[in-house]
$ cat work22.cif   # mmCIF, C-alpha atoms
data_model
loop_
_atom_site.label_atom_id
_atom_site.label_comp_id
_atom_site.auth_asym_id
_atom_site.auth_seq_id
_atom_site.Cartn_x
_atom_site.Cartn_y
_atom_site.Cartn_z
CA MET A 1 38.98 67.15 70.91
CA PRO A 2 37.11 68.71 73.79
CA LEU A 3 40.03 71.01 74.49
CA LEU A 4 39.74 72.70 71.14
CA GLY A 5 35.97 72.89 70.95
CA CYS A 6 35.41 74.29 74.42
CA SER A 7 34.64 77.97 74.57
CA GLN A 8 35.97 78.53 78.06
CA VAL A 9 39.26 76.80 78.80
CA SER A 10 40.41 76.49 82.37
CA ILE A 11 43.97 77.10 83.50
CA ASP A 12 44.36 73.36 84.17
CA GLU A 13 43.71 72.52 80.55
CA ILE A 14 46.15 75.14 79.27
CA LEU A 15 48.84 73.83 81.63
CA PHE A 16 48.08 70.26 80.59
CA ALA A 17 48.34 71.17 76.91
CA LEU A 18 51.71 72.82 77.47
CA LEU A 19 53.01 69.91 79.55
CA ALA A 20 51.74 67.30 77.12
CA GLY A 21 53.31 69.08 74.18
CA ALA A 22 56.60 69.43 76.04
CA SER A 23 56.49 65.73 77.01
CA LEU A 24 55.88 64.52 73.49
CA ILE A 25 58.55 66.79 72.01
CA THR A 26 61.13 65.76 74.59
CA ALA A 27 60.27 62.08 74.11
CA VAL A 28 60.83 62.34 70.36
CA LEU A 29 64.01 64.37 70.86
CA ALA A 30 65.26 61.78 73.33
CA LEU A 31 64.82 59.02 70.80
CA LEU A 32 66.42 61.07 68.01
CA ALA A 33 69.42 62.33 69.99
CA ARG A 34 72.69 61.00 68.75
CA GLU A 35 74.61 60.76 71.98
CA ILE A 36 73.09 58.70 74.74
CA VAL A 37 73.94 61.15 77.50
CA HIS A 38 71.81 63.75 75.72
CA THR A 39 69.05 61.16 75.52
CA ILE A 40 69.15 60.72 79.27
CA MET A 41 68.97 64.49 79.85
CA TRP A 42 65.91 64.74 77.58
CA ILE A 43 64.33 61.79 79.34
CA ALA A 44 64.81 63.54 82.72
CA ILE A 45 62.87 66.55 81.41
CA LEU A 46 60.18 64.16 80.13
CA PHE A 47 59.82 62.52 83.55
CA VAL A 48 59.58 65.89 85.30
CA SER A 49 56.83 67.11 82.98
CA ILE A 50 54.87 63.88 83.41
CA GLY A 51 55.20 64.34 87.18
CA LEU A 52 53.72 67.82 86.83
CA VAL A 53 50.79 66.29 84.95
CA TYR A 54 50.24 64.05 88.00
CA PHE A 55 50.07 67.17 90.16
CA LEU A 56 47.43 68.57 87.80
CA LEU A 57 45.46 65.33 88.17
CA GLU A 58 45.23 65.86 91.94
CA ALA A 59 47.63 63.05 92.75
CA PRO A 60 50.39 64.94 94.60
CA PHE A 61 51.91 61.83 96.17
CA LEU A 62 52.30 60.21 92.76
CA GLY A 63 53.85 63.42 91.45
CA VAL A 64 56.43 63.44 94.21
CA LEU A 65 57.07 59.73 93.69
CA GLN A 66 57.54 60.31 89.95
CA LEU A 67 60.05 63.09 90.63
CA ALA A 68 61.94 61.02 93.19
CA VAL A 69 61.96 57.62 91.48
CA TYR A 70 61.95 58.46 87.77
CA ALA A 71 63.56 61.90 87.52
CA GLY A 72 65.94 61.01 90.34
CA ALA A 73 66.78 57.36 90.71
CA VAL A 74 66.17 55.98 87.22
CA THR A 75 68.02 58.86 85.52
CA ILE A 76 71.02 58.49 87.83
CA LEU A 77 71.02 54.69 87.31
CA LEU A 78 71.03 55.12 83.53
CA LEU A 79 73.81 57.72 83.69
CA PHE A 80 75.77 55.40 85.96
CA ALA A 81 75.42 52.51 83.53
CA VAL A 82 76.55 54.70 80.62
CA MET A 83 79.58 55.88 82.60
CA VAL A 84 80.50 52.31 83.59
CA VAL A 85 80.20 50.94 80.05
CA LYS A 86 82.74 53.64 79.13
CA LYS A 87 82.30 53.53 75.42
CA ARG A 88 81.09 56.26 73.20
CA ILE A 89 77.69 54.80 72.62
CA PHE A 90 75.84 56.02 69.60
CA SER A 91 72.35 54.75 69.15
CA ARG A 92 72.31 53.04 65.82
CA GLU A 93 69.12 52.46 63.94
CA ALA A 94 68.00 49.01 63.04
CA VAL A 95 68.07 48.42 59.31
CA THR A 96 64.74 46.64 59.08
CA GLY A 97 62.60 49.75 58.71
CA ILE A 98 60.07 48.28 61.11
CA GLY A 99 59.75 51.67 62.78
CA VAL A 100 57.20 52.66 60.16
CA SER A 101 54.73 50.33 61.88
CA SER A 102 54.77 52.55 64.96
CA VAL A 103 53.83 55.54 62.83
CA LEU A 104 50.94 53.45 61.51
CA LEU A 105 50.08 52.60 65.12
CA THR A 106 50.00 56.31 65.94
CA LEU A 107 47.66 57.02 63.04
CA ALA A 108 45.37 54.12 63.97
CA LEU A 109 45.34 55.31 67.56
CA ALA A 110 44.49 58.86 66.51
CA LEU A 111 41.63 57.61 64.34
CA LEU A 112 40.35 55.36 67.11
CA MET A 113 40.54 58.12 69.68
CA ALA A 114 38.90 60.68 67.41
CA GLY A 115 36.06 58.24 66.81
CA ASN A 116 35.73 57.21 70.43
CA ALA A 117 36.39 60.50 72.17
CA LEU A 118 32.72 61.35 72.32
CA ARG A 119 31.89 58.12 74.07
CA VAL A 120 34.35 58.72 76.90
CA PRO A 121 32.36 59.78 79.98
CA ALA A 122 32.93 63.50 80.32
CA GLY A 123 31.89 63.84 83.96
CA THR A 124 34.18 65.90 86.11
CA THR A 125 34.84 64.72 89.61
CA GLY A 126 36.65 67.57 91.28
CA ARG A 127 37.02 65.46 94.42
CA PHE A 128 40.36 65.72 96.11
CA TYR A 129 41.56 63.24 98.69
CA PRO A 130 44.59 63.84 100.89
CA THR A 131 47.56 61.54 100.78
CA GLY A 132 46.38 59.82 103.96
CA THR A 133 43.48 58.29 102.05
CA LEU A 134 45.91 56.85 99.52
CA SER A 135 48.05 55.34 102.27
CA GLN A 136 44.96 53.82 103.90
CA SER A 137 43.95 52.34 100.56
CA LEU A 138 47.45 51.01 99.98
CA PHE A 139 47.93 49.38 103.34
CA LEU A 140 44.37 48.30 104.13
CA ASP A 141 43.02 47.17 100.76
CA TYR A 142 46.23 46.38 98.92
CA GLY A 143 48.56 45.44 101.77
CA GLY A 144 49.29 42.09 100.18
CA TRP A 145 50.38 43.73 96.95
CA VAL A 146 52.71 46.10 98.77
CA ILE A 147 54.35 43.18 100.59
CA LEU A 148 54.60 41.31 97.29
CA LEU A 149 56.27 44.39 95.74
CA GLY A 150 58.77 44.31 98.59
CA PHE A 151 59.62 40.68 97.80
CA VAL A 152 59.93 41.49 94.09
CA VAL A 153 62.35 44.33 94.82
CA LEU A 154 64.32 42.06 97.15
CA SER A 155 64.63 39.30 94.55
CA ALA A 156 65.60 41.88 91.92
CA LEU A 157 68.32 43.11 94.27
CA VAL A 158 69.68 39.59 94.63
CA GLY A 159 69.48 39.05 90.87
CA SER A 160 71.24 42.33 90.10
CA VAL A 161 74.07 41.52 92.50
CA TYR A 162 74.40 38.06 90.95
CA LEU A 163 74.46 39.43 87.40
CA ALA A 164 76.82 42.32 88.07
CA LYS A 165 79.24 40.20 90.10
CA GLU A 166 82.54 39.29 88.46
CA SER A 167 81.98 35.60 87.79
CA ARG A 168 85.34 33.94 87.37
CA GLY A 169 84.27 30.80 85.52
CA ARG A 170 82.15 32.67 83.02
CA HIS A 171 84.85 35.20 82.42
CA ILE A 172 87.44 32.55 81.56
CA ARG A 173 85.03 30.76 79.28
CA ALA A 174 84.21 33.99 77.47
CA GLU A 175 87.87 34.75 76.99
CA GLY A 176 88.56 31.24 75.72
CA GLU A 177 86.09 31.51 72.88
CA MET B 1 39.62 69.50 85.26
CA ILE B 2 41.40 68.01 82.27
CA PRO B 3 39.10 66.07 79.91
CA LEU B 4 39.62 62.33 80.10
CA ALA B 5 39.82 62.03 76.31
CA ASP B 6 42.78 64.41 76.16
CA LEU B 7 44.59 62.40 78.80
CA LEU B 8 43.97 59.17 76.90
CA ILE B 9 45.19 60.69 73.63
CA PHE B 10 48.33 61.99 75.34
CA SER B 11 48.97 58.61 76.90
CA GLY B 12 48.44 56.85 73.57
CA LEU B 13 50.84 59.17 71.76
CA LEU B 14 53.47 58.64 74.44
CA PHE B 15 52.97 54.89 74.09
CA SER B 16 53.49 55.15 70.33
CA VAL B 17 56.72 57.09 70.81
CA GLY B 18 57.94 54.37 73.18
CA ILE B 19 57.00 51.64 70.70
CA PHE B 20 58.93 53.53 68.01
CA GLY B 21 62.00 53.51 70.22
CA VAL B 22 61.69 49.80 71.01
CA LEU B 23 61.31 48.89 67.35
CA THR B 24 64.07 51.03 65.88
CA ARG B 25 66.88 51.16 68.42
CA ARG B 26 69.46 48.42 68.86
CA ASN B 27 71.22 49.78 71.90
CA PHE B 28 70.18 47.97 75.08
CA ILE B 29 70.13 51.19 77.14
CA MET B 30 67.94 52.91 74.55
CA LEU B 31 65.61 49.93 74.70
CA LEU B 32 65.32 50.33 78.47
CA ILE B 33 64.58 54.05 78.09
CA SER B 34 61.84 53.33 75.55
CA ILE B 35 60.30 50.73 77.86
CA GLU B 36 60.29 53.35 80.61
CA ILE B 37 58.36 55.73 78.34
CA ILE B 38 55.81 52.96 77.73
CA MET B 39 55.50 52.23 81.44
CA ASN B 40 54.96 55.94 82.11
CA SER B 41 52.09 56.09 79.65
CA ALA B 42 50.45 53.10 81.35
CA ILE B 43 50.86 54.65 84.80
CA LEU B 44 49.38 57.89 83.48
CA ASN B 45 46.31 55.93 82.38
CA PHE B 46 45.84 54.51 85.89
CA ILE B 47 46.07 57.98 87.48
CA ALA B 48 43.73 59.50 84.88
CA PHE B 49 41.08 56.86 85.48
CA ALA B 50 41.54 57.23 89.25
CA ALA B 51 40.76 60.94 88.89
CA TYR B 52 37.60 60.02 86.93
CA SER B 53 36.49 57.08 89.06
CA PRO B 54 32.74 56.87 89.73
CA ALA B 55 31.50 57.86 93.13
CA GLY B 56 32.19 55.31 95.81
CA SER B 57 33.95 55.20 99.13
CA PRO B 58 37.19 57.25 99.29
CA LEU B 59 39.30 54.11 99.61
CA GLN B 60 37.84 52.77 96.38
CA GLU B 61 38.24 56.03 94.54
CA VAL B 62 41.99 56.32 95.14
CA SER B 63 42.73 52.67 94.40
CA GLY B 64 43.97 53.57 90.90
CA GLN B 65 46.65 55.70 92.50
CA GLY B 66 47.58 52.77 94.73
CA ILE B 67 48.10 50.57 91.68
CA ALA B 68 50.22 53.36 90.17
CA VAL B 69 52.45 53.37 93.27
CA VAL B 70 53.04 49.63 92.89
CA LEU B 71 53.71 50.07 89.16
CA ILE B 72 56.30 52.80 89.74
CA GLY B 73 58.11 50.46 92.14
CA LEU B 74 58.00 47.65 89.57
CA ALA B 75 59.35 49.96 86.83
CA ALA B 76 62.28 51.04 88.99
CA THR B 77 63.03 47.39 89.75
CA GLU B 78 62.96 46.57 86.06
CA VAL B 79 65.45 49.33 85.25
CA ALA B 80 67.82 48.09 87.94
CA LEU B 81 67.68 44.52 86.59
CA GLY B 82 68.06 45.72 83.01
CA LEU B 83 71.15 47.72 83.87
CA ALA B 84 72.66 44.71 85.64
CA ILE B 85 72.09 42.78 82.40
CA VAL B 86 73.77 45.65 80.48
CA LEU B 87 76.83 45.44 82.71
CA ALA B 88 77.00 41.65 82.35
CA LEU B 89 76.62 41.89 78.55
CA ASN B 90 79.32 44.53 78.33
CA ARG B 91 81.66 42.37 80.37
CA ILE B 92 81.00 39.10 78.55
CA ILE B 93 80.54 40.01 74.89
CA GLY B 94 82.03 43.51 75.06
CA SER B 95 79.08 45.27 73.50
CA VAL B 96 75.67 46.59 74.49
CA ASP B 97 74.15 46.13 71.05
CA VAL B 98 71.22 43.73 71.17
CA ALA B 99 72.12 42.47 67.69
CA ASP B 100 75.39 41.16 69.12
CA ALA B 101 73.57 39.24 71.85
CA MET B 102 71.24 37.29 69.59
CA GLN B 103 72.54 33.88 70.59
CA LEU B 104 71.23 34.28 74.15
CA LYS B 105 74.08 32.30 75.61
CA LEU B 106 77.32 33.17 77.27
#
$ encode --input "work22.cif" --output "structure tokens"
Amino acid sequence: MPLLGCSQVSIDEILFALLAGASLITAVLALLAREIVHTIMWIAILFVSIGLVYFLLEAPFLGVLQLAVYAGAVTILLLFAVMVVKKRIFSREAVTGIGVSSVLLTLALALLMAGNALRVPAGTTGRFYPTGTLSQSLFLDYGGWVILLGFVVLSALVGSVYLAKESRGRHIRAEGE
Amino acid sequence: MIPLADLLIFSGLLFSVGIFGVLTRRNFIMLLISIEIIMNSAILNFIAFAAYSPAGSPLQEVSGQGIAVVLIGLAATEVALGLAIVLALNRIIGSVDVADAMQLKL
């Protein structure tokens, strides 16, 4: 890895190493936690540290968006769903033992990356663009996609309301079974 | 500046952790959380490659961040829909275990 072989390490790289380590540890802890509320707390820490990585990558708007949407909205939505379901949910493991394949995937990925890391272009950019440039790019070049995202969110809103609504016919049929 | 290879390795490891969660957990909410971890690793890739984009006009160089904005919106939408499905499942079959919902009918 370039981080380990480099003789002079910048403060950015040290911060990134700390944040990446914290992210991976919290992600694993989140998946291993027994109670699901603890999982959601770990996942909030994970989202915050990934948002800080975005700040390091000179994307401050994305960092703020990550903090607002992921660490804020998604975490609160998950907590809300857990509170509404109102059961003591323990995350049970599947009995198939298929999780070993993801460990194999990790090893394959590490081998692939270690082999390919030298071929990744190592040029540093160091260019920083203000948020205004991002908004120009979003609304001039990708305006259609932003409008399409609005329609997707709207249709998801309608679908969520339809799914979460107390449907009388379905309820009776489910009770009759 | 953070080396691109380190960013890609970090993103790949995060993706693997998410895949582990998807494969081993049977709780629907845990599945959603794992999918969010996977989405985050993909978004991180877009932002990393935007930071390393070759020289062009400024609007072209930040376009990776624009795609990341759209992806974050899509991920939030997906969580909202997934939680609506969780509520419906809990009401209809009384459980949020995906193994109890294998028949895919009400």
$ interface_residues --input "work22.cif" --of "chain B" --to "chain A" --cutoff "7 Å" --atoms "only C-alpha atoms" --output "PDB file with C-alpha atoms, keeping the file's coordinate frame"
ATOM      1  CA  MET B   1      39.620  69.500  85.260  1.00  0.00           C
ATOM      2  CA  ILE B   2      41.400  68.010  82.270  1.00  0.00           C
ATOM      3  CA  PRO B   3      39.100  66.070  79.910  1.00  0.00           C
ATOM      4  CA  LEU B   4      39.620  62.330  80.100  1.00  0.00           C
ATOM      5  CA  ALA B   5      39.820  62.030  76.310  1.00  0.00           C
ATOM      6  CA  ILE B   9      45.190  60.690  73.630  1.00  0.00           C
ATOM      7  CA  PHE B  10      48.330  61.990  75.340  1.00  0.00           C
ATOM      8  CA  GLY B  12      48.440  56.850  73.570  1.00  0.00           C
ATOM      9  CA  LEU B  13      50.840  59.170  71.760  1.00  0.00           C
ATOM     10  CA  LEU B  14      53.470  58.640  74.440  1.00  0.00           C
ATOM     11  CA  SER B  16      53.490  55.150  70.330  1.00  0.00           C
ATOM     12  CA  VAL B  17      56.720  57.090  70.810  1.00  0.00           C
ATOM     13  CA  ILE B  19      57.000  51.640  70.700  1.00  0.00           C
ATOM     14  CA  PHE B  20      58.930  53.530  68.010  1.00  0.00           C
ATOM     15  CA  GLY B  21      62.000  53.510  70.220  1.00  0.00           C
ATOM     16  CA  LEU B  23      61.310  48.890  67.350  1.00  0.00           C
ATOM     17  CA  THR B  24      64.070  51.030  65.880  1.00  0.00           C
ATOM     18  CA  ARG B  25      66.880  51.160  68.420  1.00  0.00           C
ATOM     19  CA  ARG B  26      69.460  48.420  68.860  1.00  0.00           C
ATOM     20  CA  ASN B  27      71.220  49.780  71.900  1.00  0.00           C
ATOM     21  CA  ALA B  48      43.730  59.500  84.880  1.00  0.00           C
ATOM     22  CA  ALA B  51      40.760  60.940  88.890  1.00  0.00           C
ATOM     23  CA  TYR B  52      37.600  60.020  86.930  1.00  0.00           C
ATOM     24  CA  PRO B  58      37.190  57.250  99.290  1.00  0.00           C
ATOM     25  CA  LEU B  59      39.300  54.110  99.610  1.00  0.00           C
ATOM     26  CA  VAL B  62      41.990  56.320  95.140  1.00  0.00           C
ATOM     27  CA  SER B  63      42.730  52.670  94.400  1.00  0.00           C
ATOM     28  CA  GLY B  66      47.580  52.770  94.730  1.00  0.00           C
ATOM     29  CA  VAL B  69      52.450  53.370  93.270  1.00  0.00           C
ATOM     30  CA  VAL B  70      53.040  49.630  92.890  1.00  0.00           C
ATOM     31  CA  ALA B  76      62.280  51.040  88.990  1.00  0.00           C
ATOM     32  CA  THR B  77      63.030  47.390  89.750  1.00  0.00           C
ATOM     33  CA  VAL B  79      65.450  49.330  85.250  1.00  0.00           C
ATOM     34  CA  LEU B  81      67.680  44.520  86.590  1.00  0.00           C
ATOM     35  CA  LEU B  83      71.150  47.720  83.870  1.00  0.00           C
ATOM     36  CA  ALA B  84      72.660  44.710  85.640  1.00  0.00           C
ATOM     37  CA  ILE B  85      72.090  42.780  82.400  1.00  0.00           C
ATOM     38  CA  LEU B  87      76.830  45.440  82.710  1.00  0.00           C
ATOM     39  CA  ALA B  88      77.000  41.650  82.350  1.00  0.00           C
ATOM     40  CA  ASN B  90      79.320  44.530  78.330  1.00  0.00           C
ATOM     41  CA  ILE B  92      81.000  39.100  78.550  1.00  0.00           C
ATOM     42  CA  LEU B 106      77.320  33.170  77.270  1.00  0.00           C
TER      43      LEU B 106
END
$ closest_residue --input "work22.cif" --among "B:Gly94, B:Gly82, B:Gly64, B:Gly56" --to "Glu36 of chain B" --atoms "only C-alpha atoms"
B:Gly82
$ atom_distance --input "work22.cif" --atom1 "atom CA of Asn45 of chain B" --atom2 "atom CA of Leu7 of chain B"
7.6 Å
$ closest_residue --input "work22.cif" --among "B:Ile72, B:Gly18, B:Ala101, B:Ile47" --to "Ser34 of chain B" --atoms "all atoms listed in the file"
B:Gly18
$ closest_residue --input "work22.cif" --among "A:Leu29, A:Met41, A:Ala68, A:Met83" --to "Gly73 of chain B" --atoms "only C-alpha atoms"
A:Ala68
